[in-house]
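Novice: Below is my_file01.txt; it holds compact mmCIF, C-alpha atoms.
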```txt
# COMPACT_ATOMS: atom_id res chain seq x y z
CA MET J 683 48.50 89.49 151.73
CA ASN J 684 45.21 88.24 153.20
CA GLN J 685 46.25 89.25 156.72
CA TYR J 686 46.65 92.84 155.50
CA LYS J 687 43.45 93.16 153.48
CA ASN J 688 41.63 94.99 156.28
CA LEU J 689 44.22 97.77 156.08
CA PHE J 690 42.70 98.88 152.81
CA GLU J 691 39.08 98.84 153.93
CA PRO J 692 37.29 102.04 155.04
CA ILE J 693 36.86 102.71 158.74
CA GLU J 694 34.98 105.26 160.83
CA ILE J 695 36.52 106.59 164.04
CA ASN J 696 34.41 108.92 166.17
CA GLY J 697 32.62 110.26 163.10
CA LEU J 698 35.81 110.56 161.02
CA THR J 699 35.61 108.33 157.94
CA LEU J 700 38.89 107.12 156.42
CA GLU J 701 39.18 105.50 153.01
CA ASN J 702 41.69 103.00 154.43
CA ARG J 703 43.39 102.26 157.75
CA LEU J 704 46.86 103.50 156.90
CA VAL J 705 47.72 106.16 159.49
CA MET J 706 50.92 108.13 159.88
CA THR J 707 51.58 108.79 163.55
CA PRO J 708 53.20 112.07 164.66
CA MET J 709 56.98 112.03 164.34
CA GLY J 710 59.44 114.88 164.85
CA THR J 711 61.12 115.95 161.61
CA ASN J 712 63.09 119.09 162.54
CA PHE J 713 61.72 120.61 159.33
CA GLY J 714 59.99 123.48 161.13
CA GLU J 715 61.45 126.96 160.75
CA GLN J 716 63.19 128.70 163.65
CA ASN J 717 60.19 131.03 164.09
CA GLY J 718 57.80 128.07 164.46
CA LYS J 719 56.31 128.26 160.98
CA MET J 720 55.84 125.17 158.84
CA SER J 721 58.48 125.18 156.10
CA PHE J 722 57.72 124.36 152.47
CA LEU J 723 60.05 121.35 152.81
CA HIS J 724 57.82 120.29 155.68
CA MET J 725 54.68 120.69 153.61
CA ASP J 726 56.19 118.61 150.80
CA TYR J 727 57.10 115.91 153.34
CA TYR J 728 53.47 115.49 154.40
CA GLU J 729 52.12 115.77 150.85
CA ARG J 730 54.30 112.85 149.76
CA ARG J 731 52.79 110.70 152.52
CA ALA J 732 49.30 111.53 151.29
CA GLN J 733 50.38 110.71 147.74
CA GLY J 734 51.69 107.37 149.02
CA GLY J 735 48.26 106.30 150.23
CA TYR J 736 48.03 107.23 153.90
CA ARG J 737 44.50 108.35 154.70
CA LEU J 738 45.19 109.96 158.06
CA LEU J 739 48.26 112.06 158.77
CA ILE J 740 48.94 113.31 162.29
CA VAL J 741 51.24 116.31 162.16
CA GLU J 742 53.99 116.34 164.78
CA ASN J 743 53.50 118.18 168.05
CA ALA J 744 52.86 121.91 168.02
CA CYS J 745 53.57 124.12 171.03
CA VAL J 746 50.50 125.36 172.92
CA LYS J 747 52.31 128.00 175.01
CA TYR J 748 55.46 129.73 173.78
CA PRO J 749 58.18 129.88 174.96
CA GLU J 750 57.25 128.16 178.22
CA GLY J 751 55.98 124.96 176.62
CA SER J 752 58.45 124.70 173.74
CA ASN J 753 60.45 121.50 173.35
CA GLY J 754 62.78 122.46 170.50
CA THR J 755 64.07 125.17 168.20
CA THR J 756 62.30 123.69 165.16
CA GLN J 757 59.02 122.86 166.89
CA LEU J 758 55.88 124.03 165.14
CA ARG J 759 53.74 126.75 166.68
CA ILE J 760 50.03 127.33 166.31
CA ASP J 761 49.56 129.87 169.10
CA ALA J 762 49.09 132.95 166.89
CA ASP J 763 47.20 133.82 163.72
CA ASN J 764 50.34 134.38 161.64
CA TYR J 765 50.85 130.60 161.63
CA ILE J 766 47.47 129.99 160.01
CA PRO J 767 48.27 130.53 156.27
CA ARG J 768 50.78 127.70 155.89
CA PHE J 769 48.74 125.30 158.00
CA TYR J 770 45.70 126.19 155.88
CA LYS J 771 47.68 125.50 152.70
CA LEU J 772 48.86 122.17 154.15
CA CYS J 773 45.31 121.05 155.01
CA GLU J 774 44.02 122.13 151.62
CA THR J 775 46.79 120.20 149.85
CA ILE J 776 46.39 117.02 151.90
CA HIS J 777 42.60 117.00 151.44
CA GLN J 778 43.06 116.92 147.67
CA TYR J 779 44.27 113.31 148.01
CA GLY J 780 41.25 112.21 150.03
CA THR J 781 43.45 112.15 153.15
CA LYS J 782 42.38 113.43 156.56
CA ILE J 783 44.83 115.42 158.65
CA ALA J 784 45.19 115.96 162.39
CA ILE J 785 47.65 117.88 164.52
CA GLN J 786 49.16 116.99 167.87
CA LEU J 787 49.18 119.64 170.61
CA ASN J 788 51.79 119.60 173.35
CA HIS J 789 53.29 121.46 176.31
CA ALA J 790 56.83 120.37 177.18
CA GLY J 791 56.66 121.23 180.88
CA ALA J 792 59.88 120.27 182.66
CA SER J 793 61.26 118.83 179.41
CA ALA J 794 61.76 122.36 178.10
CA VAL J 795 65.40 123.48 178.14
CA GLU J 796 65.89 126.51 180.37
CA SER J 797 68.63 128.07 178.22
CA ARG J 798 66.44 127.70 175.13
CA ILE J 799 63.19 129.12 176.51
CA GLY J 800 64.82 131.82 178.64
CA MET J 801 62.98 130.92 181.84
CA GLN J 802 62.64 128.20 184.43
CA PRO J 803 60.59 125.29 183.07
CA VAL J 804 57.25 124.56 184.73
CA SER J 805 55.69 121.30 185.86
CA ALA J 806 53.21 119.67 188.21
CA SER J 807 55.80 119.89 191.01
CA ASN J 808 59.36 121.11 191.47
CA LEU J 809 60.67 117.63 190.66
CA PRO J 810 62.88 117.12 187.57
CA ASN J 811 61.46 114.66 185.06
CA LYS J 812 64.83 113.17 184.14
CA GLU J 813 68.17 112.55 185.80
CA CYS J 814 70.21 115.77 185.95
CA GLY J 815 67.23 117.66 184.54
CA ALA J 816 66.45 121.25 185.51
CA ILE J 817 64.37 121.86 188.64
CA PRO J 818 61.02 123.11 187.33
CA ARG J 819 58.70 125.66 188.91
CA LYS J 820 55.49 124.23 190.35
CA LEU J 821 52.42 125.51 188.50
CA SER J 822 49.69 127.22 190.49
CA VAL J 823 46.11 126.00 190.15
CA GLU J 824 45.27 129.20 188.24
CA GLU J 825 48.12 128.53 185.80
CA ILE J 826 46.95 124.95 185.28
CA TYR J 827 43.50 126.11 184.23
CA SER J 828 45.07 128.82 182.04
CA ILE J 829 47.13 126.19 180.18
CA ALA J 830 43.98 124.08 179.77
CA ASP J 831 42.37 127.15 178.16
CA ASP J 832 45.39 127.42 175.84
CA TYR J 833 44.78 123.87 174.64
CA ALA J 834 41.12 124.69 173.98
CA THR J 835 41.96 127.90 172.12
CA LEU J 836 44.48 126.19 169.87
CA ALA J 837 42.21 123.22 169.23
CA LYS J 838 39.58 125.70 168.03
CA ARG J 839 42.18 127.44 165.84
CA ALA J 840 43.20 124.10 164.34
CA GLN J 841 39.55 123.30 163.57
CA THR J 842 39.13 126.70 161.90
CA ILE J 843 42.27 126.11 159.80
CA GLY J 844 40.83 122.86 158.46
CA PHE J 845 42.35 120.07 160.54
CA ASP J 846 40.02 117.09 160.83
CA ALA J 847 41.09 116.02 164.32
CA ILE J 848 43.26 116.95 167.29
CA GLU J 849 45.60 114.67 169.22
CA ILE J 850 46.68 115.63 172.74
CA HIS J 851 50.23 114.51 173.56
CA ALA J 852 50.11 112.89 177.00
CA GLY J 853 53.28 110.81 176.97
CA HIS J 854 57.07 110.95 176.65
CA SER J 855 57.58 112.82 179.95
CA TYR J 856 55.94 116.03 178.74
CA LEU J 857 53.63 118.16 180.92
CA ILE J 858 50.52 115.96 180.98
CA SER J 859 52.69 112.92 181.70
CA GLN J 860 54.37 114.88 184.50
CA PHE J 861 50.97 115.33 186.14
CA LEU J 862 50.05 111.67 185.66
CA SER J 863 53.21 110.20 187.17
CA PRO J 864 53.74 110.09 190.96
CA LEU J 865 57.48 110.37 190.19
CA THR J 866 57.00 113.97 189.03
CA ASN J 867 53.81 114.94 190.86
CA ASP J 868 53.88 115.28 194.63
CA ARG J 869 51.06 117.84 194.83
CA THR J 870 48.61 117.68 197.72
CA ASP J 871 45.77 119.62 196.07
CA GLU J 872 43.12 118.46 193.59
CA PHE J 873 45.82 117.84 190.96
CA GLY J 874 47.94 115.47 193.04
CA GLY J 875 47.81 112.42 195.24
CA ASN J 876 45.63 109.57 193.95
CA ILE J 877 45.38 108.63 190.28
CA GLU J 878 42.04 110.42 189.86
CA ASN J 879 43.58 113.70 190.99
CA ARG J 880 46.78 113.21 188.97
CA ALA J 881 44.63 112.61 185.88
CA ARG J 882 42.51 115.71 186.50
CA PHE J 883 44.66 117.99 184.32
CA ALA J 884 44.36 115.62 181.34
CA LYS J 885 40.62 115.29 181.89
CA ILE J 886 39.92 119.06 181.88
CA LEU J 887 41.63 119.60 178.51
```
Would you write out, as structure tokens, the structure that this file holds?

Specialist:
Amino acid sequence: MNQYKNLFEPIEINGLTLENRLVMTPMGTNFGEQNGKMSFLHMDYYERRAQGGYRLLIVENACVKYPEGSNGTTQLRIDADNYIPRFYKLCETIHQYGTKIAIQLNHAGASAVESRIGMQPVSASNLPNKECGAIPRKLSVEEIYSIADDYATLAKRAQTIGFDAIEIHAGHSYLISQFLSPLTNDRTDEFGGNIENRARFAKIL
């Protein structure tokens, strides 16, 4: 047990103090309701983790732009005020256990399914991000900055609700990853080309 003793010691991360170092990373559950609301089953799922001793829970990815950025029919949404009450209740419940709670924000980009979102998916370029994937529509510079504003707006909403931190999803072939990778980004403007330009979208969020 000695090698694990540090897990149960307090730690401070960027001003966020945790009673121990047990962290639950964001994992898809498919517990969200079809309208994007957090279900009561979902809320119970996270409460049980707090009861079990985790001192930071990161709620699975929530869509920052619907339907364009949605990656599933049970994905959480936080893009409108009607989603606030259940998120507020979740944060209030989790905090009762001395546990901090964060939420992950995400835009699916070319990983969105065209038949599900009712439109052509968007991405850094018109290159599919997976074999046999749909051809996405290349985002304009104006649209890129608009999506960055969406992230900022929803991060502010999450803070108002009571979340202690925000995690930006930049992996798993979703939109930010599509900008970062030269395999899915062949732009020739300030958001493409060298690594500094490909990382520009992530850096302006």

Novice: Between atom CA of J:Val746 and atom CA of J:Thr699, what is the distance in Å, rounded to a tenth?

Specialist: 27.1 Å

Novice: Which stretch 826-851 of chain J residues have any atom within 9 Å of an atom of stretch 734-740 of chain J, and for each, what is the nearest pair of atoms with distance in Å to one decimal, counting all atoms listed in the file, rows sorted by chain and number, as a Markdown table?

Specialist:
```
| residue | atom | partner | partner_atom | distance |
| --- | --- | --- | --- | --- |
| J:Ala847 | CA | J:Ile740 | CA | 8.5 |
| J:Ile848 | CA | J:Ile740 | CA | 8.4 |
| J:Glu849 | CA | J:Ile740 | CA | 7.8 |
```

Novice: What is the distance between atom CA of J:Leu723 and atom CA of J:Tyr856, in Å to one decimal?

Specialist: 26.8 Å

Novice: Need the neighbours of (61.9, 123.5, 196.2): which residues are at most 10 Å away, counting all atoms listed in the file, as an MDAnalysis selection string?

Specialist: chainID J and resid 807:809 817:820

Novice: For J:Ser863, which residue among J:Cys814, J:Gly844, J:Ile826, J:Ser805 is the nearest when counting all atoms listed in the file?

Specialist: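 The closest residue to J:Ser863 is J:Ser805.
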
Novice: What's around J:Gly815 at 9 Å? Count only C-alpha atoms, leave out sequence neighbours fewer than 5 positions away in its own chain, and write the answer as a list in words.

Specialist: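 Contacts, with the query itself left out: Ala792, Ser793, Val795, Leu809 and Pro810 of chain J.
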
Novice: Residues as selected, C-alpha atoms, written as a compact mmCIF listing (two decimals), in the frame of the given file, can you do that?

Specialist:
```
# COMPACT_ATOMS: atom_id res chain seq x y z
CA ALA J 792 59.88 120.27 182.66
CA SER J 793 61.26 118.83 179.41
CA VAL J 795 65.40 123.48 178.14
CA LEU J 809 60.67 117.63 190.66
CA PRO J 810 62.88 117.12 187.57
```

Novice: Excluding J:Arg768 and residues on its chain fewer than 4 positions from it, collect all residues at most 10 Å away from it, counting all atoms listed in the file, and give them as a PyMOL selection string.

Specialist: chain J and resi 719-722+725+764+772-774+843
